[in-house]
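Novice: The following file, upload.txt, comprises compact mmCIF, C-alpha atoms:
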```
# COMPACT_ATOMS: atom_id res chain seq x y z
CA MET A 1416 49.58 -2.20 -2.54
CA SER A 1417 50.28 -4.80 0.08
CA PRO A 1418 53.13 -7.30 -0.37
CA GLY A 1419 50.53 -10.11 -0.35
CA THR A 1420 48.60 -8.53 -3.21
CA GLY A 1421 51.81 -7.94 -5.13
CA SER A 1422 52.93 -11.53 -4.61
CA ALA A 1423 49.57 -12.79 -5.84
CA LEU A 1424 49.84 -10.64 -8.98
CA ARG A 1425 53.37 -11.87 -9.61
CA LEU A 1426 52.19 -15.48 -9.25
CA LEU A 1427 49.23 -14.94 -11.58
CA ALA A 1428 51.41 -13.30 -14.24
CA ALA A 1429 53.87 -16.20 -14.02
CA THR A 1430 51.12 -18.82 -14.11
CA ALA A 1431 49.60 -17.20 -17.19
CA GLU A 1432 53.10 -17.01 -18.75
CA ALA A 1433 52.08 -13.43 -19.46
CA LYS A 1434 53.71 -11.72 -22.40
CA ALA A 1435 51.23 -8.83 -22.56
CA VAL A 1436 49.68 -7.25 -19.47
CA ALA A 1437 47.45 -4.17 -19.27
CA GLU A 1438 47.37 -2.20 -16.04
CA ILE A 1439 44.74 0.41 -15.22
CA GLY A 1440 46.29 2.79 -12.70
CA THR A 1441 50.06 3.06 -12.86
CA GLY A 1442 50.35 4.68 -9.45
CA THR A 1443 53.95 4.76 -8.23
CA GLY A 1444 54.87 1.57 -10.09
CA VAL A 1445 54.71 -0.92 -7.23
CA SER A 1446 52.11 -3.17 -8.86
CA GLY A 1447 53.90 -2.85 -12.20
CA ILE A 1448 57.13 -4.16 -10.68
CA TYR A 1449 55.34 -7.20 -9.26
CA LEU A 1450 53.66 -7.84 -12.62
CA LEU A 1451 56.94 -7.48 -14.54
CA GLN A 1452 58.66 -9.89 -12.13
CA GLY A 1453 56.07 -12.55 -12.97
CA MET A 1454 55.89 -11.92 -16.71
CA ARG A 1455 57.99 -13.62 -19.34
CA PRO A 1456 61.37 -11.93 -19.92
CA ASP A 1457 60.15 -10.66 -23.30
CA GLY A 1458 56.82 -9.45 -21.88
CA VAL A 1459 55.54 -5.89 -22.09
CA LEU A 1460 53.43 -4.12 -19.48
CA THR A 1461 51.04 -1.50 -20.88
CA THR A 1462 50.11 0.85 -18.07
CA VAL A 1463 47.48 3.59 -18.20
CA ASP A 1464 47.12 6.50 -15.78
CA LEU A 1465 45.59 9.98 -15.78
CA GLU A 1466 48.72 11.46 -14.17
CA PRO A 1467 51.84 11.60 -16.37
CA GLU A 1468 53.85 12.56 -13.27
CA ARG A 1469 53.01 9.21 -11.69
CA GLN A 1470 54.05 7.44 -14.83
CA GLN A 1471 57.40 9.20 -14.79
CA PHE A 1472 57.91 8.10 -11.20
CA ALA A 1473 56.96 4.51 -12.14
CA ARG A 1474 59.33 4.61 -15.15
CA GLU A 1475 62.19 5.49 -12.78
CA ALA A 1476 61.10 2.77 -10.32
CA PHE A 1477 61.08 0.16 -13.11
CA ARG A 1478 64.55 1.22 -14.20
CA ALA A 1479 65.82 1.09 -10.59
CA ALA A 1480 64.35 -2.43 -10.29
CA GLY A 1481 66.43 -3.49 -13.30
CA PHE A 1482 63.81 -3.58 -16.05
CA ALA A 1483 64.74 -2.39 -19.53
CA ALA A 1484 62.82 0.60 -20.87
CA ASN A 1485 61.20 -1.52 -23.60
CA ARG A 1486 59.45 -3.73 -20.98
CA ALA A 1487 56.81 -1.07 -20.23
CA ARG A 1488 54.60 1.11 -22.38
CA PHE A 1489 53.18 4.14 -20.58
CA ILE A 1490 49.96 5.65 -21.91
CA PRO A 1491 48.70 8.80 -20.19
CA GLY A 1492 44.96 9.35 -20.15
CA GLY A 1493 41.69 8.11 -18.78
CA ALA A 1494 41.33 4.34 -18.89
CA LEU A 1495 37.98 4.46 -20.65
CA ASP A 1496 39.51 6.64 -23.37
CA VAL A 1497 42.65 4.50 -23.78
CA LEU A 1498 41.40 0.91 -23.40
CA PRO A 1499 39.22 0.93 -26.54
CA ARG A 1500 42.38 1.58 -28.58
CA LEU A 1501 44.12 -1.57 -27.29
CA ALA A 1502 44.03 -4.84 -29.26
CA ASP A 1503 41.12 -7.25 -28.88
CA GLY A 1504 42.28 -10.53 -27.34
CA GLY A 1505 45.85 -9.26 -27.14
CA TYR A 1506 46.41 -9.52 -23.39
CA ASP A 1507 47.16 -12.36 -20.99
CA LEU A 1508 46.30 -10.40 -17.85
CA VAL A 1509 44.48 -7.15 -17.08
CA PHE A 1510 45.00 -5.56 -13.66
CA CYS A 1511 42.45 -2.93 -12.62
CA ASP A 1512 43.39 -0.47 -9.90
CA GLY A 1513 41.70 2.66 -11.19
CA ASP A 1514 38.52 4.54 -10.39
CA ARG A 1515 36.21 2.08 -8.61
CA ALA A 1516 33.18 3.91 -9.97
CA GLU A 1517 34.27 2.71 -13.44
CA SER A 1518 34.77 -0.94 -12.43
CA LEU A 1519 31.97 -2.36 -14.56
CA GLU A 1520 33.29 -0.55 -17.61
CA TYR A 1521 36.79 -1.86 -16.87
CA LEU A 1522 35.34 -5.37 -16.71
CA ALA A 1523 33.68 -4.99 -20.12
CA GLU A 1524 36.91 -3.69 -21.66
CA SER A 1525 38.93 -6.42 -19.95
CA LEU A 1526 36.75 -9.14 -21.45
CA ARG A 1527 37.42 -7.67 -24.88
CA LEU A 1528 41.16 -7.33 -24.25
CA LEU A 1529 41.77 -10.77 -22.74
CA ARG A 1530 42.65 -13.87 -24.71
CA PRO A 1531 40.72 -16.99 -23.73
CA GLY A 1532 42.36 -18.30 -20.56
CA GLY A 1533 43.53 -14.79 -19.64
CA VAL A 1534 43.08 -13.35 -16.15
CA VAL A 1535 41.46 -10.13 -14.95
CA CYS A 1536 42.13 -8.78 -11.44
CA PHE A 1537 40.55 -5.96 -9.44
CA GLU A 1538 42.36 -4.56 -6.41
CA GLY A 1539 40.65 -3.20 -3.29
CA VAL A 1540 37.26 -4.91 -3.59
CA PHE A 1541 36.80 -5.13 0.19
CA THR A 1542 36.82 -1.29 0.24
CA ASP A 1543 38.00 -1.30 3.85
CA GLY A 1544 35.10 -3.54 4.88
CA ARG A 1545 32.43 -1.33 3.34
CA THR A 1546 31.53 -3.85 0.63
CA VAL A 1547 29.67 -5.98 3.18
CA ASP A 1548 28.56 -3.17 5.51
CA SER A 1549 24.76 -2.79 5.44
CA ALA A 1550 24.92 0.95 6.17
CA ALA A 1551 24.40 3.45 3.36
CA GLN A 1552 27.51 3.51 1.17
CA PRO A 1553 29.04 5.87 -1.40
CA VAL A 1554 28.66 5.22 -5.13
CA GLU A 1555 32.13 3.64 -5.43
CA VAL A 1556 31.20 0.92 -2.93
CA LEU A 1557 27.88 0.27 -4.66
CA ARG A 1558 29.74 -0.07 -7.97
CA VAL A 1559 32.16 -2.59 -6.42
CA ARG A 1560 29.16 -4.61 -5.24
CA GLU A 1561 27.79 -4.53 -8.80
CA LEU A 1562 31.19 -5.65 -10.10
CA LEU A 1563 31.32 -8.58 -7.68
CA ARG A 1564 27.81 -9.63 -8.73
CA ALA A 1565 28.59 -9.28 -12.45
CA VAL A 1566 31.77 -11.36 -12.18
CA ARG A 1567 30.06 -14.02 -10.09
CA GLU A 1568 27.15 -14.30 -12.53
CA SER A 1569 29.20 -14.18 -15.74
CA ALA A 1570 29.26 -17.39 -17.77
CA GLU A 1571 32.47 -16.10 -19.39
CA LEU A 1572 34.45 -16.01 -16.16
CA LEU A 1573 35.72 -18.40 -13.49
CA PRO A 1574 36.19 -16.12 -10.45
CA THR A 1575 37.80 -16.19 -7.04
CA LEU A 1576 38.26 -13.60 -4.32
CA LEU A 1577 41.69 -13.63 -2.70
CA PRO A 1578 41.85 -12.27 0.87
CA VAL A 1579 45.09 -10.35 0.37
CA GLY A 1580 45.51 -6.63 0.95
CA ASP A 1581 42.10 -4.99 0.63
CA GLY A 1582 40.76 -7.88 -1.46
CA LEU A 1583 41.88 -9.07 -4.89
CA LEU A 1584 39.08 -10.22 -7.20
CA CYS A 1585 40.47 -12.46 -9.94
CA ALA A 1586 38.75 -14.27 -12.77
CA VAL A 1587 39.88 -16.41 -15.69
CA ARG A 1588 38.19 -15.82 -19.03
CA ARG A 1589 36.83 -19.19 -20.06
CA PRO A 1590 37.98 -20.49 -23.47
```
Would you mind writing the structure in this file as structure tokens?
Specialist:
Amino acid sequence: MSPGTGSALRLLAATAEAKAVAEIGTGTGVSGIYLLQGMRPDGVLTTVDLEPERQQFAREAFRAAGFAANRARFIPGGALDVLPRLADGGYDLVFCDGDRAESLEYLAESLRLLRPGGVVCFEGVFTDGRTVDSAAQPVEVLRVRELLRAVRESAELLPTLLPVGDGLLCAVRRP
């Protein structure tokens, strides 16, 4: 994750006064640290990843960054298996940095998870310039194109595309 993308996430979490954030793709914890920095002091980050080893690394990174253990909830597993178990309308922000081939499914789950006025973000939507390249593209790029179209055409969302990192697609769920 680029510093610009992280700063944008921190700003969005702060603007939303986020108390509950769901993150798809824990990774090494970099994005989680930015999100926690922007969240309310009593906020909890729920982070989902297929790799428990990554989550352990992120847990240590959060601790080293000064966050109490109760500020993050780590759920190992596939996002599409875990997200349906999370509370409807219980989240202020959902950050998606998982399998791009599952982006449309993440969007559907995010709409269910977000409170009205909540924000959903997708990292890496430029796909290294392949999103706009007219040459034949892999399935993941085609799915990102479908995601961009679905967000743009949704009456439920007010979207913007931030040119930070490899592209950060953000949208507010309309009340």
Novice: Box for stretch 1504-1518 of chain A: with edges along x, y and z, all listed atoms inside and 4 Å added on each side, what are the centre and edge lengths in Å to one decimal, as lines of an AutoDock Vina configuration file?
Specialist:
```
center_x = 40.2
center_y = -3.9
center_z = -18.0
size_x = 22.0
size_y = 24.9
size_z = 26.7
```
Novice: Between stretch 1480-1536 of chain A and stretch 1422-1434 of chain A, at 9 Å or less, what are the per-residue closest atom pairs and their distances in Å? Count all atoms listed in the file, order by chain and rising residue number, and return it as a Markdown table.
Specialist:
```
| residue | atom | partner | partner_atom | distance |
| --- | --- | --- | --- | --- |
| A:Tyr1506 | CA | A:Lys1434 | CA | 7.7 |
| A:Asp1507 | CA | A:Ala1433 | CA | 5.3 |
| A:Leu1508 | CA | A:Ala1433 | CA | 6.7 |
| A:Phe1510 | CA | A:Leu1424 | CA | 8.4 |
| A:Gly1532 | CA | A:Ala1431 | CA | 8.1 |
| A:Gly1533 | CA | A:Ala1431 | CA | 7.0 |
| A:Val1534 | CA | A:Ala1431 | CA | 7.6 |
| A:Cys1536 | CA | A:Leu1424 | CA | 8.3 |
```
Novice: Which value, in Å to one decimal, gives the distance between atom CA of A:Gln1470 and atom CA of A:Thr1443?
Specialist: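 Separating atom CA of A:Gln1470 from atom CA of A:Thr1443 is a distance of 7.1 Å.
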Novice: Interatomic distance between atom CA of A:Gly1447 and atom CA of A:Leu1562?
Specialist: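 It comes out at 23.0 Å.
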Novice: For A:Val1436, which residue among A:Arg1478, A:Val1535, A:Asp1496, A:Arg1515 is the nearest when counting all atoms listed in the file?
Specialist: A:Val1535
Novice: Smallest atom-to-atom distance to A:Leu1577: which of A:Arg1469, A:Arg1560, A:Glu1438, A:Thr1420, using all atoms listed in the file?
Specialist: A:Thr1420
Novice: Between A:Leu1501, A:Ala1483, A:Gly1492, A:Glu1538, single out the one closest to A:Ser1446, counting all atoms listed in the file.
Specialist: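 Of A:Leu1501, A:Ala1483, A:Gly1492, A:Glu1538, the one nearest A:Ser1446 is A:Glu1538, counting all atoms listed in the file.
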Novice: At a cut-off of 10 Å, using all atoms listed in the file, what residues contact A:Arg1530? Leave out same-chain residues fewer than 6 positions from it and give the result as a list of chain:residue names.
Specialist: A:Asp1503, A:Gly1504, A:Gly1505, A:Tyr1506, A:Asp1507, A:Leu1508, A:Val1587, A:Arg1588, A:Arg1589, A:Pro1590
Novice: Could you please determine the separation between atom CA of A:Ala1565 and atom CA of A:Pro1418 in Å, to one decimal place?
Specialist: 27.4 Å
Novice: List as JSON, numbers by chain the protein and nucleic acid residues near A:Val1556, meaning an atom at most 9 Å away when all atoms listed in the file are counted, but skip any in the same chain fewer than 4 places from it.
Specialist: {"A": [1515, 1516, 1540, 1541, 1542, 1545, 1546, 1552, 1560, 1561]}
Novice: Taking all atoms listed in the file into account, name the residue in A:Gly1440, A:Leu1522, A:Leu1465, A:Asp1512 that is nearest to A:Asp1581.
Specialist: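 Among the listed residues, A:Asp1512 lies closest to A:Asp1581.
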Novice: Which residues are near A:Arg1474? Cut-off 12 Å, all atoms listed in the file, ignore same chain within fewer than 5 positions. Put them as a list in words.
Specialist: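 Listed by chain and then number, they are Thr1441, Gly1442, Thr1443, Gly1444, Val1445, Gly1447, Ile1448, Leu1460, Thr1461, Thr1462, Pro1467, Glu1468, Arg1469, Ala1479, Ala1480, Gly1481, Phe1482, Ala1483, Ala1484, Asn1485, Arg1486, Ala1487, Arg1488, Phe1489 and Ile1490 of chain A.
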Novice: I need the residue nearest A:Glu1520 from this list: A:Pro1553, A:Pro1578, A:Arg1500, A:Ala1494. Use only C-alpha atoms for the distance.
Specialist: A:Ala1494
Novice: Using only C-alpha atoms, which of the listed residues (A:Ala1435, A:Ala1570, A:Ala1473, A:Cys1585) sits closest to A:Arg1455?
Specialist: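 When distances to A:Arg1455 are compared using only C-alpha atoms, the smallest one comes from A:Ala1435.
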Novice: Give me the residues within 12 Å of A:Ala1523 as a list in words, counting all atoms listed in the file and dropping any in the same chain fewer than 3 places off.
Specialist: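 Non-adjacent residues within range: Leu1495, Leu1498, Pro1499, Asp1503, Val1509, Cys1511, Glu1517, Ser1518, Leu1519, Glu1520, Leu1526, Arg1527, Leu1528, Leu1529, Val1535, Leu1562, Ala1565, Val1566, Ser1569, Glu1571, Leu1572 and Arg1588 of chain A.
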